[in-house]
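Next up, final.txt (compact mmCIF, C-alpha atoms):
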```txt
# COMPACT_ATOMS: atom_id res chain seq x y z
CA MET D 763 -21.19 20.78 -11.56
CA GLU D 764 -21.49 20.39 -7.81
CA ASN D 765 -20.72 16.96 -6.41
CA ARG D 766 -23.53 15.20 -4.62
CA ILE D 767 -22.37 13.64 -1.33
CA ALA D 768 -23.93 10.75 0.56
CA VAL D 769 -22.72 10.02 4.10
CA PHE D 770 -22.56 6.45 5.39
CA ILE D 771 -21.86 6.02 9.11
CA ASN D 772 -21.16 2.94 11.19
CA PRO D 773 -23.28 3.72 14.28
CA THR D 774 -21.25 1.36 16.49
CA SER D 775 -17.83 2.89 15.70
CA GLY D 776 -15.90 4.94 18.23
CA HIS D 777 -17.93 3.87 21.29
CA GLY D 778 -21.14 5.32 19.92
CA LYS D 779 -19.51 8.28 18.19
CA GLY D 780 -20.89 7.05 14.89
CA ALA D 781 -24.44 7.14 16.26
CA ARG D 782 -23.95 10.71 17.53
CA ILE D 783 -22.58 11.84 14.15
CA LEU D 784 -25.53 10.18 12.43
CA ARG D 785 -28.00 12.17 14.53
CA GLU D 786 -26.06 15.44 14.23
CA LEU D 787 -25.74 15.31 10.44
CA ALA D 788 -29.36 14.30 9.97
CA ALA D 789 -30.46 17.34 12.01
CA ALA D 790 -27.92 19.72 10.42
CA ARG D 791 -29.20 19.05 6.88
CA ALA D 792 -32.29 21.08 7.71
CA HIS D 793 -30.29 24.16 8.81
CA ASP D 794 -26.93 24.25 7.03
CA PRO D 795 -27.27 25.47 3.40
CA LEU D 796 -24.16 23.54 2.33
CA LEU D 797 -25.35 20.28 3.81
CA LYS D 798 -28.91 20.79 2.64
CA GLY D 799 -27.86 21.43 -0.94
CA ARG D 800 -25.05 18.93 -1.35
CA VAL D 801 -25.71 16.03 1.01
CA THR D 802 -28.20 13.73 -0.68
CA ALA D 803 -28.43 11.09 2.07
CA VAL D 804 -27.22 10.23 5.58
CA CYS D 805 -27.37 6.47 6.20
CA ALA D 806 -26.31 4.00 8.87
CA THR D 807 -24.29 1.09 7.51
CA PRO D 808 -25.66 -2.44 8.08
CA ALA D 809 -24.27 -4.66 10.83
CA SER D 810 -23.21 -7.33 8.31
CA THR D 811 -22.95 -7.33 4.53
CA PRO D 812 -26.48 -7.54 3.10
CA ASP D 813 -27.44 -5.41 0.12
CA ILE D 814 -29.86 -2.90 1.63
CA PRO D 815 -31.94 -1.18 -1.07
CA ALA D 816 -31.82 2.26 0.63
CA ILE D 817 -28.00 2.21 0.76
CA ILE D 818 -27.72 1.01 -2.84
CA GLU D 819 -30.04 3.79 -3.98
CA ALA D 820 -28.08 6.39 -2.00
CA LEU D 821 -24.83 5.18 -3.60
CA LYS D 822 -26.28 5.34 -7.09
CA GLU D 823 -27.45 8.93 -6.58
CA CYS D 824 -24.18 10.36 -5.21
CA ASP D 825 -20.86 11.40 -6.69
CA ILE D 826 -18.93 11.04 -3.42
CA ALA D 827 -19.61 8.48 -0.69
CA LEU D 828 -18.22 9.70 2.65
CA VAL D 829 -17.79 6.62 4.84
CA CYS D 830 -17.45 7.21 8.59
CA GLY D 831 -16.08 4.09 10.24
CA GLY D 832 -13.09 1.78 10.40
CA ASP D 833 -11.41 -0.45 7.82
CA GLY D 834 -14.19 -3.02 8.14
CA THR D 835 -16.82 -0.43 7.20
CA VAL D 836 -14.67 0.81 4.30
CA HIS D 837 -14.26 -2.81 3.15
CA GLN D 838 -18.03 -3.27 3.21
CA MET D 839 -18.84 -0.02 1.39
CA ALA D 840 -16.07 -0.40 -1.20
CA ASP D 841 -17.57 -3.75 -2.18
CA MET D 842 -21.00 -2.13 -2.60
CA ILE D 843 -19.54 0.73 -4.66
CA VAL D 844 -17.84 -1.70 -7.05
CA ARG D 845 -21.01 -3.73 -7.53
CA HIS D 846 -23.67 -1.01 -7.53
CA ALA D 847 -22.14 2.45 -8.10
CA PRO D 848 -18.75 2.17 -9.84
CA GLY D 849 -18.71 5.88 -10.70
CA ALA D 850 -18.87 7.04 -7.07
CA ALA D 851 -15.74 8.26 -5.28
CA LEU D 852 -14.90 6.94 -1.81
CA ALA D 853 -13.99 9.37 0.98
CA VAL D 854 -13.30 8.26 4.55
CA PHE D 855 -13.57 9.76 8.01
CA PRO D 856 -11.86 7.25 10.34
CA LEU D 857 -13.70 5.97 13.41
CA GLY D 858 -12.19 2.50 13.72
CA THR D 859 -9.24 0.82 15.42
CA GLY D 860 -6.75 0.52 12.56
CA ASN D 861 -7.89 3.00 9.88
CA ASP D 862 -5.23 1.96 7.37
CA PHE D 863 -7.27 2.97 4.33
CA ALA D 864 -7.94 6.44 5.73
CA ARG D 865 -4.25 6.79 6.56
CA GLN D 866 -3.20 6.35 2.94
CA LEU D 867 -5.64 9.07 1.84
CA GLY D 868 -3.67 11.61 3.87
CA PRO D 869 -4.53 14.11 6.62
CA ARG D 870 -8.06 15.39 7.10
CA PRO D 871 -9.93 17.86 9.34
CA LYS D 872 -10.68 16.65 12.86
CA SER D 873 -14.46 16.79 12.60
CA VAL D 874 -16.83 15.11 10.16
CA ALA D 875 -18.53 18.45 9.42
CA ALA D 876 -15.22 20.10 8.52
CA HIS D 877 -14.20 17.12 6.39
CA LEU D 878 -17.56 17.24 4.64
CA GLN D 879 -17.11 20.94 3.90
CA LYS D 880 -13.61 20.30 2.55
CA ILE D 881 -14.62 17.59 0.09
CA ALA D 882 -17.63 19.66 -0.95
CA ALA D 883 -15.59 22.82 -1.61
CA ALA D 884 -12.25 21.47 -2.87
CA PRO D 885 -12.20 17.71 -3.42
CA SER D 886 -8.98 15.98 -4.41
CA PHE D 887 -9.46 12.78 -6.41
CA GLY D 888 -7.34 9.70 -6.89
CA THR D 889 -7.82 5.96 -7.43
CA VAL D 890 -7.18 2.75 -5.54
CA ASP D 891 -7.01 -0.76 -6.99
CA VAL D 892 -9.62 -3.33 -5.99
CA TRP D 893 -8.64 -6.99 -5.81
CA SER D 894 -10.64 -10.21 -5.89
CA ILE D 895 -9.94 -13.39 -3.94
CA ASN D 896 -11.05 -16.43 -5.96
CA GLY D 897 -13.51 -14.20 -7.80
CA ASP D 898 -15.51 -13.89 -4.59
CA VAL D 899 -14.34 -11.49 -1.88
CA LEU D 900 -13.02 -8.03 -2.80
CA PHE D 901 -10.38 -6.07 -0.91
CA THR D 902 -8.58 -2.74 -1.14
CA ASN D 903 -6.12 -2.98 1.80
CA TYR D 904 -4.70 -6.45 2.34
CA VAL D 905 -5.33 -10.14 2.85
CA SER D 906 -3.19 -12.18 5.23
CA PHE D 907 -2.94 -15.87 6.06
CA GLY D 908 -1.66 -17.55 9.21
CA PHE D 909 -0.65 -16.06 12.54
CA ASP D 910 -2.12 -12.56 12.25
CA GLY D 911 -5.39 -13.92 10.84
CA TRP D 912 -5.54 -16.23 13.86
CA ILE D 913 -4.86 -13.34 16.26
CA LEU D 914 -7.73 -11.40 14.70
CA SER D 915 -10.16 -14.30 15.16
CA LEU D 916 -9.08 -14.64 18.82
CA TYR D 917 -9.44 -10.89 19.36
CA GLN D 918 -12.91 -10.75 17.84
CA ALA D 919 -14.04 -13.69 19.97
CA ALA D 920 -12.68 -11.99 23.10
CA LEU D 921 -14.25 -8.67 22.14
CA LYS D 922 -17.63 -10.32 21.66
CA HIS D 923 -17.55 -11.72 25.20
CA LEU D 924 -16.18 -8.56 26.82
CA SER D 925 -18.28 -6.01 24.93
CA GLN D 926 -21.04 -6.33 27.53
CA THR D 927 -18.88 -4.38 29.97
CA GLY D 928 -19.14 -1.25 27.81
CA PHE D 929 -15.48 -0.40 28.38
CA PHE D 930 -14.37 -2.19 25.21
CA GLY D 931 -16.41 0.13 23.03
CA PHE D 932 -13.60 2.68 23.33
CA THR D 933 -10.95 2.60 20.60
CA PHE D 934 -8.11 2.74 23.13
CA ALA D 935 -9.53 -0.24 25.03
CA LYS D 936 -9.88 -2.20 21.79
CA LYS D 937 -6.24 -1.51 20.91
CA MET D 938 -5.14 -2.63 24.36
CA LEU D 939 -7.18 -5.82 24.07
CA PHE D 940 -5.72 -6.54 20.64
CA ALA D 941 -2.21 -5.99 22.04
CA LEU D 942 -2.91 -8.36 24.94
CA VAL D 943 -4.27 -11.07 22.66
CA GLY D 944 -1.35 -10.64 20.27
CA GLY D 945 1.18 -10.69 23.10
CA TRP D 946 -0.32 -13.87 24.54
CA ALA D 947 -0.20 -15.53 21.11
CA LEU D 948 3.40 -14.44 20.57
CA LEU D 949 4.48 -15.87 23.91
CA PHE D 950 2.65 -19.17 23.87
CA HIS D 951 1.40 -20.06 20.39
CA GLY D 952 2.17 -19.65 16.70
CA LYS D 953 -0.51 -20.62 14.18
CA ARG D 954 1.30 -20.94 10.85
CA ALA D 955 0.43 -20.89 7.15
CA PRO D 956 1.55 -24.33 5.84
CA MET D 957 2.65 -24.33 2.20
CA ALA D 958 4.34 -26.93 -0.01
CA ASP D 959 7.72 -25.19 0.34
CA GLY D 960 7.53 -24.45 4.06
CA ALA D 961 5.35 -23.08 6.83
CA PRO D 962 5.83 -19.32 7.30
CA LEU D 963 4.24 -17.68 10.32
CA SER D 964 2.21 -15.36 8.08
CA VAL D 965 1.76 -14.66 4.39
CA ILE D 966 0.57 -11.11 3.74
CA VAL D 967 -0.56 -9.61 0.44
CA CYS D 968 -0.88 -5.84 0.61
CA ASN D 969 -2.22 -3.15 -1.74
CA ILE D 970 -1.61 -0.04 0.38
CA PRO D 971 1.57 1.01 2.22
CA TRP D 972 0.02 0.53 5.67
CA TYR D 973 -0.83 -2.60 7.60
CA ALA D 974 -2.49 -3.40 10.96
CA GLY D 975 -2.98 0.14 12.19
CA GLY D 976 0.03 1.90 10.72
CA ALA D 977 2.82 -0.66 10.21
CA ARG D 978 4.78 0.36 7.10
CA PHE D 979 4.37 -2.27 4.42
CA GLY D 980 6.56 -2.30 1.32
CA ALA D 981 8.72 0.42 -0.15
CA GLY D 982 7.83 0.91 -3.81
CA GLY D 983 4.21 -0.15 -4.07
CA LYS D 984 1.33 2.25 -4.64
CA PRO D 985 -2.40 1.58 -4.22
CA ASP D 986 -3.10 2.40 -7.89
CA ASP D 987 -0.17 0.75 -9.69
CA GLY D 988 -1.92 -2.53 -10.58
CA ARG D 989 0.56 -4.49 -8.47
CA LEU D 990 0.65 -6.13 -5.06
CA GLU D 991 3.27 -6.46 -2.33
CA LEU D 992 3.88 -9.93 -0.88
CA MET D 993 5.60 -10.61 2.42
CA LYS D 994 6.27 -14.04 3.95
CA LEU D 995 7.14 -13.77 7.63
CA PRO D 996 9.25 -16.81 8.62
CA GLY D 997 8.86 -16.39 12.38
CA LYS D 998 7.89 -14.22 15.33
CA VAL D 999 10.94 -11.94 15.13
CA ALA D 1000 9.97 -10.92 11.59
CA PHE D 1001 6.37 -10.40 12.73
CA LEU D 1002 7.54 -8.15 15.58
CA ARG D 1003 9.68 -6.14 13.15
CA LEU D 1004 6.64 -5.54 10.98
CA VAL D 1005 4.50 -4.43 13.93
CA ALA D 1006 7.26 -2.18 15.26
CA SER D 1007 7.68 -0.51 11.86
CA ARG D 1008 4.70 1.71 12.71
CA PHE D 1009 7.12 3.48 15.05
CA ILE D 1010 10.49 2.91 13.31
CA HIS D 1011 10.46 3.41 9.54
CA GLY D 1012 12.46 0.84 7.59
CA LEU D 1013 12.28 -1.87 10.25
CA ALA D 1014 9.77 -4.05 8.40
CA PRO D 1015 11.03 -7.09 6.45
CA GLN D 1016 11.43 -6.76 2.69
CA ALA D 1017 8.29 -7.15 0.58
CA ALA D 1018 8.28 -8.38 -3.02
CA THR D 1019 6.29 -6.41 -5.62
CA LEU D 1020 4.35 -8.74 -7.91
CA GLU D 1021 2.16 -8.52 -11.00
CA PRO D 1022 -1.25 -10.21 -10.84
CA PRO D 1023 -2.60 -12.82 -10.90
CA LEU D 1024 -1.10 -14.20 -7.70
CA THR D 1025 -1.86 -17.75 -6.57
CA LEU D 1026 -1.09 -19.04 -3.09
CA THR D 1027 -1.56 -22.71 -2.20
CA PHE D 1028 -1.67 -24.05 1.36
CA THR D 1029 -1.50 -27.68 2.45
CA ASP D 1030 -3.96 -27.28 5.32
CA ALA D 1031 -6.69 -24.97 6.56
CA VAL D 1032 -5.35 -21.50 7.27
CA PRO D 1033 -6.89 -18.59 9.23
CA LEU D 1034 -7.12 -15.41 7.21
CA GLN D 1035 -8.24 -11.82 7.42
CA VAL D 1036 -9.33 -9.47 4.65
CA ASP D 1037 -9.08 -5.71 5.28
CA GLY D 1038 -9.04 -6.42 9.02
CA GLU D 1039 -12.11 -8.66 8.91
CA ASP D 1040 -12.01 -12.35 9.88
CA TYR D 1041 -12.78 -14.58 6.86
CA SER D 1042 -11.46 -17.85 8.32
CA ALA D 1043 -14.86 -19.54 8.48
CA ARG D 1044 -15.86 -18.47 4.98
CA PHE D 1045 -12.70 -19.97 3.44
CA ALA D 1046 -12.34 -22.90 5.87
CA ALA D 1047 -12.45 -25.52 3.10
CA VAL D 1048 -10.27 -23.57 0.64
CA ARG D 1049 -6.59 -24.37 0.14
CA GLN D 1050 -5.79 -22.37 -3.01
CA PHE D 1051 -6.30 -18.62 -3.32
CA THR D 1052 -5.96 -16.71 -6.57
CA ILE D 1053 -5.85 -12.93 -6.34
CA THR D 1054 -6.71 -10.91 -9.44
CA ARG D 1055 -7.34 -7.23 -10.09
CA ALA D 1056 -11.07 -6.52 -10.17
CA GLY D 1057 -10.81 -2.87 -11.18
CA SER D 1058 -10.43 0.38 -9.28
CA ILE D 1059 -12.37 2.88 -7.18
CA LYS D 1060 -12.11 6.64 -7.25
CA THR D 1061 -11.02 8.11 -3.93
CA CYS D 1062 -11.64 11.57 -2.56
CA SER D 1063 -9.77 13.48 0.14
```
Take the structure in the file and give it back as structure tokens.
Amino acid sequence: MENRIAVFINPTSGHGKGARILRELAAARAHDPLLKGRVTAVCATPASTPDIPAIIEALKECDIALVCGGDGTVHQMADMIVRHAPGAALAVFPLGTGNDFARQLGPRPKSVAAHLQKIAAAPSFGTVDVWSINGDVLFTNYVSFGFDGWILSLYQAALKHLSQTGFFGFTFAKKMLFALVGGWALLFHGKRAPMADGAPLSVIVCNIPWYAGGARFGAGGKPDDGRLELMKLPGKVAFLRLVASRFIHGLAPQAATLEPPLTLTFTDAVPLQVDGEDYSARFAAVRQFTITRAGSIKTCS
């Protein structure tokens, strides 16, 4: 049986590259026999997280959902797959800044069309665990509390103000801005994650072996083993080691592998990010976070 493929594209990713891909694939379906016969829908992803009926219907009618975007778009679509189309497999073509989820799926062709042809002709399937925070927010990559969550909120605020220039639509410019914001925070500030037994700089819970755009997280954990890796970074030196591990393997601090459920309690409000998305405002009044396994999603590469 041939797999039906629906393509979901973030039109704002890659400085408008997502919008160009959306137009190209929509036009190609009328001329390419492979695309015409196998691609059941080409949809733009919503700007936020509402349940859009057309996207839900497209998910329900496909076997493979090819998501073109960054980790935030993958986070959004994975949540919709779990809730509306649990039998669909998730494939990714990276267009974002970090692309950690796409990284753990392995190498792929350089163009969306070639990647689409590959998963249509010879798909390779796997699974990834999905985790729930307080029975509310789902994640596949990681959730982190403290300094790095604070950096992300600062970066997104800066990006919002600077996006009018047009220059910060480019992925390279976004990475440079994130580095500048992070460097400023490292030099002059240090928002911590206060807990009963201390105040680490950051507390990070990871499901995949990559973090923050390619830092190497953990040694023995796998995204489908039903376990999580926990890292408490005591200070800025440990944080820098983790960031630098994207270039030097083995430099990252040691992570502990834990069985769920995992409960973390903080004594004060703590900034946090989930799969590279800022959730500080949503959890502003929450001090205790319990992470449980919510199931799994098929992946396709």
Find the residue from D:Val899, D:Ala882, D:Ala919, D:Cys830 that sits nearest to Phe855 (chain D); use all atoms listed in the file when measuring.
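Using all atoms listed in the file, Phe855 (chain D) sits closest to D:Cys830.
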Spatial neighbours of Val1032 (chain D), 8 Å, only C-alpha atoms, chain gap at least 6 places, as number ranges by chain:
D: 907-908, 954-956, 1042, 1046, 1049
Could you work out an axis-aligned box for region 884-887 of chain D, taking every atom the file lists and adding 3 Å on each side, and report centre and edge lengths in Å to one decimal, as AutoDock Vina command-line options?
```
--center_x -10.6 --center_y 17.1 --center_z -4.6 --size_x 9.3 --size_y 14.7 --size_z 9.5
```
Write out as a Markdown table the residues of region 859-913 of chain D that have any atom within 10 Å of an atom of region 987-1009 of chain D, one row each with the nearest atom pair and its distance in Å to one decimal, counting all atoms listed in the file, sorted by chain and then rising number.
```
| residue | atom | partner | partner_atom | distance |
| --- | --- | --- | --- | --- |
| D:Thr889 | CA | D:Asp987 | CA | 9.5 |
| D:Val890 | CA | D:Asp987 | CA | 8.4 |
| D:Asp891 | CA | D:Gly988 | CA | 6.5 |
| D:Val892 | CA | D:Gly988 | CA | 9.0 |
| D:Trp893 | CA | D:Leu990 | CA | 9.4 |
| D:Tyr904 | CA | D:Leu990 | CA | 9.1 |
| D:Val905 | CA | D:Leu992 | CA | 9.9 |
| D:Ser906 | CA | D:Met993 | CA | 9.4 |
| D:Phe907 | CA | D:Lys994 | CA | 9.6 |
| D:Gly908 | CA | D:Leu995 | CA | 9.7 |
| D:Phe909 | CA | D:Phe1001 | CA | 9.0 |
| D:Asp910 | CA | D:Phe1001 | CA | 8.8 |
```
Might you pull out every residue within 7 Å of Ala827 (chain D), with only C-alpha atoms counted and same-chain residues fewer than 3 positions away left off, and present them as a PDB file with C-alpha atoms, keeping the file's coordinate frame?
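Produced file selection_19.pdb, reproduced below:
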```pdb
ATOM      1  CA  ILE D 767     -22.370  13.640  -1.330  1.00  0.00           C
ATOM      2  CA  ALA D 768     -23.930  10.750   0.560  1.00  0.00           C
ATOM      3  CA  VAL D 769     -22.720  10.020   4.100  1.00  0.00           C
ATOM      4  CA  LEU D 821     -24.830   5.180  -3.600  1.00  0.00           C
ATOM      5  CA  CYS D 824     -24.180  10.360  -5.210  1.00  0.00           C
ATOM      6  CA  ALA D 850     -18.870   7.040  -7.070  1.00  0.00           C
ATOM      7  CA  ALA D 851     -15.740   8.260  -5.280  1.00  0.00           C
ATOM      8  CA  LEU D 852     -14.900   6.940  -1.810  1.00  0.00           C
ATOM      9  CA  ALA D 853     -13.990   9.370   0.980  1.00  0.00           C
TER      10      ALA D 853
END
```
Out of D:Val967, D:Ile881, D:Met842, D:Leu916, which residue has the shortest atom-to-atom distance to Ala947 (chain D) when counting all atoms listed in the file?
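The answer is D:Leu916, which sits nearest to Ala947 (chain D).
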Find the spatial neighbours of Leu828 (chain D), counting only C-alpha atoms, within a cut-off of 12 Å - ignore same-chain residues fewer than 5 positions away - and output them as an MDAnalysis selection string.
chainID D and resid 765:772 801:807 820:821 835:836 839:840 843 850:856 864 874:875 877:882 885 1061:1063
